[in-house]
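Participant: Let me give you the structure first, and then I'll get to my questions.
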Amino acid sequence: MQLDITGLLHLVEAMPAYRQLIDELRPPVGGTGVTVLDAAKPYLLAALYKSLKCPIFVVTARPENGKKLHEQISTWCNSSQIKLFPEPDALPYQRIASDTSTELARIQVLSALANIGGDHNESATETLLVIASAPALMQKITPYTDFISTCHAIEPGMDIEPFHLLDRWEAMGYRIESTVEMPGTISHRGGIMDIYPPTADLPARLEFFGNTVDSIRLFDPVNQRSIMGVSSIVVGPATELLTPLLSNKLELESVVNSSIDLADCTAEASQQFKQALTMLLNKQRPGNMQFYAPLFNNDSILSYLPQDALLVLDEPLSIKKAMENLDAEAGELRAEKLQGGELPRNFPVPYFSWKEMEPEIENRRRLMLASWGSDEQQRRLDFAP
């Protein structure tokens with residue numbers, strides 16, 4: 001049995017500096033900073049989450065810091081709405097297949113930020129608190145408008161041609177399988193269709209009478225047995241790379257022709273690109289599909305944040321340095337691949353630099369956290385060991 005320590009969060013309200021901080025963090029747009037013990041940061045963020053009752057997006061410099069902070073805040077808050085937005089598995093310009101669990105975790109966070117629910121549940125009454133590292137913040141992602149445009153609800157009594165629905169789900173990144181056991185998969189047999197949205201706790205089984213949805217039931221993915229009937233399900237994307245699946249062939253050809261110049265590539269690299277691009281034009285998915293994401297993904301996760309969200313920068317100078325270091329490392333890797341003829345010279349950059357993101361960050365309501373002993377001159381919160 002896990003110890004519930006959430007009742008301790010109200011104790012910080014007796015601290016005058018904390019009450020002043022709360023007042024300063026109320027809308028509109030603006031920024032303020034505090035110096036606090038590293039060990040007290042999870043407690044402080046959990047207390048702010050409880051006090052402000054608004055979405056909070058926390059950025060750390062390094063992935064390991066983000067994972068640790070996620071675990072600690074989850075202990076203080078005891079909420080399923082505390083989420084970690086993982087960084088991509090591959091470094092920029094690397095040709096490796098994404099880990100399914102990482103992609104699903106990222107989809108779940110993006111869906112939560114976009115207020116796309118799963119199952120038959122209503123939107124969560126609790127607000128979100130998301131933790132992300134600098135590499136996760138930098139990554140270019142699916143345009144927000146493309147992401148939310150695919151979301152739809154299915155209810156009993158709706159008239160939908162089953163094969164049209166299958167095509168729609170495939171265009172949202174769902175994979176057709178013989179049996180639905182994992183999130184992001186669908187199946188079809190006779191008048192029955194199964195789907196497992198990444199945001200859902202359980203998959204759903206739709207039974208059709210002709211083109212009419214007769215019933216919707218949640219089922220156990222292990223034994224495939226029905227559990228309960230529901231009044232509706234909400235279906236959102238199952239992939240971060242939506243644009244090539246949603247666009248028509250002419251639109252895709254325009255993007256590809258303007259973004260890919262293979263003149264300086266080796267014969268082997270040119271062949272790789274041609275095969276992959278042909279697959280994308282035919283709505284198929286190459287094994288290393290995320291490598292080609294920069295051709296289509298050009299949005300920032302900050303676009304997914306609600307207007308009332310609070311952006312928390314844990315050690316802003318460290319975040320800036322981490323982003324600049326990754327930019328430098330990626331630049332070296334790009335130069336090597338260009339010199340070796342492995343990458344088109346006009347291949348898009350798959351991430352945002354600090355300079356590109358800084359104006360958007362400064363346009364947000366934000367809190368800057370500094371550790372004791374840092375050079376930052378700002379108010380201290382007098383936590384003690």
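Going by the structure tokens order, chains are called A, B, ..., each with residues numbered from 1, while ligands are numbered from 1 in the order shown.
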Residues at most 6 Å from Pro197 of chain A, counting only C-alpha atoms, excluding those fewer than 2 positions away in the same chain, as a list in words?

Facilitator: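 Once the nearby chain positions are removed, what remains is Pro183, Gly184, Thr199, Ala200 and Val235 of chain A.
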
Participant: Can you write just those residues out, N, CA, C and O atoms, as a short mmCIF file (atom, residue, chain, number, x, y, z; two decimals), in the first residue's frame?

Facilitator:
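Saved the output as part_14.cif:
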data_model
loop_
_atom_site.label_atom_id
_atom_site.label_comp_id
_atom_site.auth_asym_id
_atom_site.auth_seq_id
_atom_site.Cartn_x
_atom_site.Cartn_y
_atom_site.Cartn_z
N PRO A 183 -2.00 -1.14 -27.98
CA PRO A 183 -2.49 0.17 -28.43
C PRO A 183 -1.96 0.51 -29.83
O PRO A 183 -0.83 0.16 -30.18
N GLY A 184 -2.80 1.18 -30.61
CA GLY A 184 -2.41 1.57 -31.97
C GLY A 184 -2.72 0.53 -33.02
O GLY A 184 -2.25 0.63 -34.15
N THR A 199 -4.78 6.27 -26.19
CA THR A 199 -5.22 6.97 -24.97
C THR A 199 -6.16 6.13 -24.12
O THR A 199 -6.54 6.56 -23.03
N ALA A 200 -6.54 4.94 -24.59
CA ALA A 200 -7.53 4.14 -23.88
C ALA A 200 -6.88 3.12 -22.96
O ALA A 200 -5.80 2.61 -23.24
N VAL A 235 -11.58 8.39 -30.62
CA VAL A 235 -10.43 7.85 -31.35
C VAL A 235 -9.54 9.01 -31.79
O VAL A 235 -10.00 9.94 -32.47
#

Participant: Which neighbours of Ser270 of chain A fall inside 12 Å, counting only C-alpha atoms, when residues of the same chain fewer than 3 positions from it are skipped, and could you give them as a PDB file with N, CA and C atoms, in the first residue's frame?

Facilitator:
ATOM      1  N   ILE A 260      13.628  17.450 -51.238  1.00  0.00           N
ATOM      2  CA  ILE A 260      14.635  16.407 -51.423  1.00  0.00           C
ATOM      3  C   ILE A 260      15.405  16.633 -52.720  1.00  0.00           C
ATOM      4  N   ASP A 261      16.678  16.924 -52.599  1.00  0.00           N
ATOM      5  CA  ASP A 261      17.573  17.067 -53.746  1.00  0.00           C
ATOM      6  C   ASP A 261      18.668  16.011 -53.605  1.00  0.00           C
ATOM      7  N   LEU A 262      18.584  14.971 -54.391  1.00  0.00           N
ATOM      8  CA  LEU A 262      19.491  13.830 -54.269  1.00  0.00           C
ATOM      9  C   LEU A 262      20.746  13.964 -55.124  1.00  0.00           C
ATOM     10  N   ALA A 263      20.970  15.150 -55.688  1.00  0.00           N
ATOM     11  CA  ALA A 263      22.078  15.316 -56.637  1.00  0.00           C
ATOM     12  C   ALA A 263      23.427  14.944 -56.043  1.00  0.00           C
ATOM     13  N   ASP A 264      23.658  15.262 -54.765  1.00  0.00           N
ATOM     14  CA  ASP A 264      24.970  15.015 -54.158  1.00  0.00           C
ATOM     15  C   ASP A 264      25.021  13.733 -53.334  1.00  0.00           C
ATOM     16  N   CYS A 265      23.956  12.945 -53.385  1.00  0.00           N
ATOM     17  CA  CYS A 265      23.912  11.711 -52.595  1.00  0.00           C
ATOM     18  C   CYS A 265      24.546  10.543 -53.357  1.00  0.00           C
ATOM     19  N   THR A 266      25.056   9.577 -52.619  1.00  0.00           N
ATOM     20  CA  THR A 266      25.590   8.368 -53.238  1.00  0.00           C
ATOM     21  C   THR A 266      24.446   7.577 -53.856  1.00  0.00           C
ATOM     22  N   ALA A 267      24.797   6.623 -54.702  1.00  0.00           N
ATOM     23  CA  ALA A 267      23.778   5.794 -55.348  1.00  0.00           C
ATOM     24  C   ALA A 267      22.966   5.022 -54.304  1.00  0.00           C
ATOM     25  N   PHE A 273      16.388   6.683 -50.272  1.00  0.00           N
ATOM     26  CA  PHE A 273      15.418   7.775 -50.237  1.00  0.00           C
ATOM     27  C   PHE A 273      14.283   7.524 -51.223  1.00  0.00           C
ATOM     28  N   LYS A 274      14.606   7.081 -52.431  1.00  0.00           N
ATOM     29  CA  LYS A 274      13.572   6.860 -53.445  1.00  0.00           C
ATOM     30  C   LYS A 274      12.588   5.783 -53.005  1.00  0.00           C
ATOM     31  N   GLN A 275      13.110   4.697 -52.423  1.00  0.00           N
ATOM     32  CA  GLN A 275      12.222   3.621 -51.971  1.00  0.00           C
ATOM     33  C   GLN A 275      11.296   4.105 -50.852  1.00  0.00           C
ATOM     34  N   ALA A 276      11.886   4.813 -49.884  1.00  0.00           N
ATOM     35  CA  ALA A 276      11.086   5.284 -48.747  1.00  0.00           C
ATOM     36  C   ALA A 276      10.041   6.310 -49.190  1.00  0.00           C
ATOM     37  N   LEU A 277      10.430   7.221 -50.079  1.00  0.00           N
ATOM     38  CA  LEU A 277       9.508   8.253 -50.523  1.00  0.00           C
ATOM     39  C   LEU A 277       8.391   7.668 -51.374  1.00  0.00           C
ATOM     40  N   GLY A 341      27.732  11.912 -48.590  1.00  0.00           N
ATOM     41  CA  GLY A 341      26.680  11.702 -49.583  1.00  0.00           C
ATOM     42  C   GLY A 341      25.506  10.902 -49.060  1.00  0.00           C
ATOM     43  N   GLU A 342      25.306  10.925 -47.727  1.00  0.00           N
ATOM     44  CA  GLU A 342      24.221  10.140 -47.129  1.00  0.00           C
ATOM     45  C   GLU A 342      22.959  10.964 -46.898  1.00  0.00           C
ATOM     46  N   LEU A 343      23.054  12.287 -47.084  1.00  0.00           N
ATOM     47  CA  LEU A 343      21.919  13.153 -46.758  1.00  0.00           C
ATOM     48  C   LEU A 343      21.798  14.242 -47.812  1.00  0.00           C
ATOM     49  N   PRO A 344      20.580  14.511 -48.305  1.00  0.00           N
ATOM     50  CA  PRO A 344      20.398  15.624 -49.248  1.00  0.00           C
ATOM     51  C   PRO A 344      20.758  16.951 -48.586  1.00  0.00           C
TER      52      PRO A 344
END

Participant: Which residue, A:Ile233, A:Ala204, A:Leu11, A:Leu110, has the smallest gap to Ala153 of chain A when you use only C-alpha atoms?

Facilitator: A:Ile233

Participant: Quick check for you: according to DSSP on this backbone, which residues of segment 110-321 of chain A are classed as helix (DSSP H, G or I)? Reply as a ChimeraX atom specification.

Facilitator: /A:110-113,134-138,144-149,162-171,243-246,249-259,267-281,289-295,301-304,316-321

Participant: Could you write out the selected residues, including C-alpha atoms, as a CSV table (one decimal), in the first residue's frame?

Facilitator:
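Final output, saved to again-v3.csv:
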chain,number,residue,atom,x,y,z
A,110,LEU,CA,0.1,15.0,-27.1
A,111,SER,CA,-3.4,13.6,-26.9
A,112,ALA,CA,-3.8,14.7,-23.3
A,113,LEU,CA,-2.6,18.2,-24.1
A,134,ALA,CA,15.4,19.8,-23.5
A,135,PRO,CA,15.8,17.2,-26.3
A,136,ALA,CA,12.1,16.4,-26.1
A,137,LEU,CA,11.2,20.1,-26.2
A,138,MET,CA,13.4,20.8,-29.3
A,144,TYR,CA,-1.3,20.8,-34.0
A,145,THR,CA,-4.1,21.3,-36.5
A,146,ASP,CA,-3.4,18.0,-38.2
A,147,PHE,CA,-3.3,16.2,-34.9
A,148,ILE,CA,-6.7,17.5,-33.5
A,149,SER,CA,-8.4,17.3,-36.9
A,162,PRO,CA,-16.9,-0.1,-42.1
A,163,PHE,CA,-14.3,-0.1,-44.8
A,164,HIS,CA,-14.3,3.7,-44.9
A,165,LEU,CA,-13.7,3.7,-41.1
A,166,LEU,CA,-10.8,1.2,-41.5
A,167,ASP,CA,-9.3,3.5,-44.2
A,168,ARG,CA,-9.7,6.5,-41.9
A,169,TRP,CA,-8.0,4.7,-38.9
A,170,GLU,CA,-5.1,3.5,-41.1
A,171,ALA,CA,-4.6,7.2,-42.2
A,243,THR,CA,0.8,14.5,-42.6
A,244,PRO,CA,1.9,11.9,-45.2
A,245,LEU,CA,-0.9,9.6,-44.3
A,246,LEU,CA,-3.6,12.3,-44.4
A,249,LYS,CA,-0.6,12.2,-53.6
A,250,LEU,CA,-0.3,15.6,-55.3
A,251,GLU,CA,0.3,17.4,-52.0
A,252,LEU,CA,2.9,14.8,-51.0
A,253,GLU,CA,4.7,15.0,-54.3
A,254,SER,CA,4.9,18.8,-53.9
A,255,VAL,CA,6.5,18.4,-50.4
A,256,VAL,CA,8.9,15.7,-51.6
A,257,ASN,CA,10.0,17.5,-54.7
A,258,SER,CA,10.7,20.8,-52.9
A,259,SER,CA,12.5,19.2,-49.9
A,267,ALA,CA,23.8,5.8,-55.3
A,268,GLU,CA,23.0,3.7,-52.2
A,269,ALA,CA,21.6,6.7,-50.3
A,270,SER,CA,19.6,7.9,-53.3
A,271,GLN,CA,18.0,4.4,-53.6
A,272,GLN,CA,17.1,4.4,-50.0
A,273,PHE,CA,15.4,7.8,-50.2
A,274,LYS,CA,13.6,6.9,-53.4
A,275,GLN,CA,12.2,3.6,-52.0
A,276,ALA,CA,11.1,5.3,-48.7
A,277,LEU,CA,9.5,8.3,-50.5
A,278,THR,CA,7.7,5.9,-52.9
A,279,MET,CA,6.3,4.1,-49.9
A,280,LEU,CA,5.1,7.4,-48.3
A,281,LEU,CA,3.5,8.5,-51.6
A,289,MET,CA,9.5,6.4,-40.8
A,290,GLN,CA,10.6,8.9,-38.1
A,291,PHE,CA,13.7,9.7,-40.1
A,292,TYR,CA,11.5,11.3,-42.7
A,293,ALA,CA,9.4,13.2,-40.2
A,294,PRO,CA,11.3,16.6,-40.8
A,295,LEU,CA,9.8,16.6,-44.3
A,301,ILE,CA,5.0,21.0,-28.4
A,302,LEU,CA,4.5,24.5,-27.0
A,303,SER,CA,1.7,24.9,-29.7
A,304,TYR,CA,-0.1,22.1,-27.9
A,316,PRO,CA,17.0,27.9,-17.7
A,317,LEU,CA,20.7,28.4,-18.3
A,318,SER,CA,21.3,24.6,-18.2
A,319,ILE,CA,18.4,24.1,-20.6
A,320,LYS,CA,19.8,26.6,-23.0
A,321,LYS,CA,23.2,25.0,-22.8

Participant: As an MDAnalysis selection string, list the residues of segment 48-293 of chain A assigned to strand (DSSP E or B) by DSSP on the backbone atoms of this structure.

Facilitator: chainID A and resid 56:60 82:85 129:133 139 141 152:154 159 175:176 185:189 192:196 204:209 212:219 226:229 233:235

Participant: Which residue, A:Asn288, A:Phe57, A:Trp354, A:Glu13, has the smallest gap to Asp89 of chain A when you use only C-alpha atoms?

Facilitator: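 Nearest candidate to Asp89 of chain A out of A:Asn288, A:Phe57, A:Trp354, A:Glu13: A:Asn288.
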
Participant: Could you name the residues that touch Leu128 of chain A at 8 Å or less, counting only C-alpha atoms, but leaving out those on the same chain fewer than 3 positions away, as a PyMOL selection string?

Facilitator: chain A and resi 54-56+81-83+112-113

Participant: Could you pull the residues within 8 Å of Trp372 of chain A, counting only C-alpha atoms, minus those fewer than 6 positions along the same chain, as a list in words?

Facilitator: Thr35, Val36, Leu37 and Asp38 of chain A

Participant: Pick from A:Val180, A:Ile361, A:Ile116, A:Val349: nearest to Val222 of chain A, with only C-alpha atoms counted?

Facilitator: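 Of the candidates, the smallest distance to Val222 of chain A is held by A:Val180.
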
Participant: Measuring atom to atom with only C-alpha atoms, identify which of A:Glu240, A:Glu329, A:Glu161, A:Glu362 is nearest to Arg106 of chain A.

Facilitator: A:Glu240
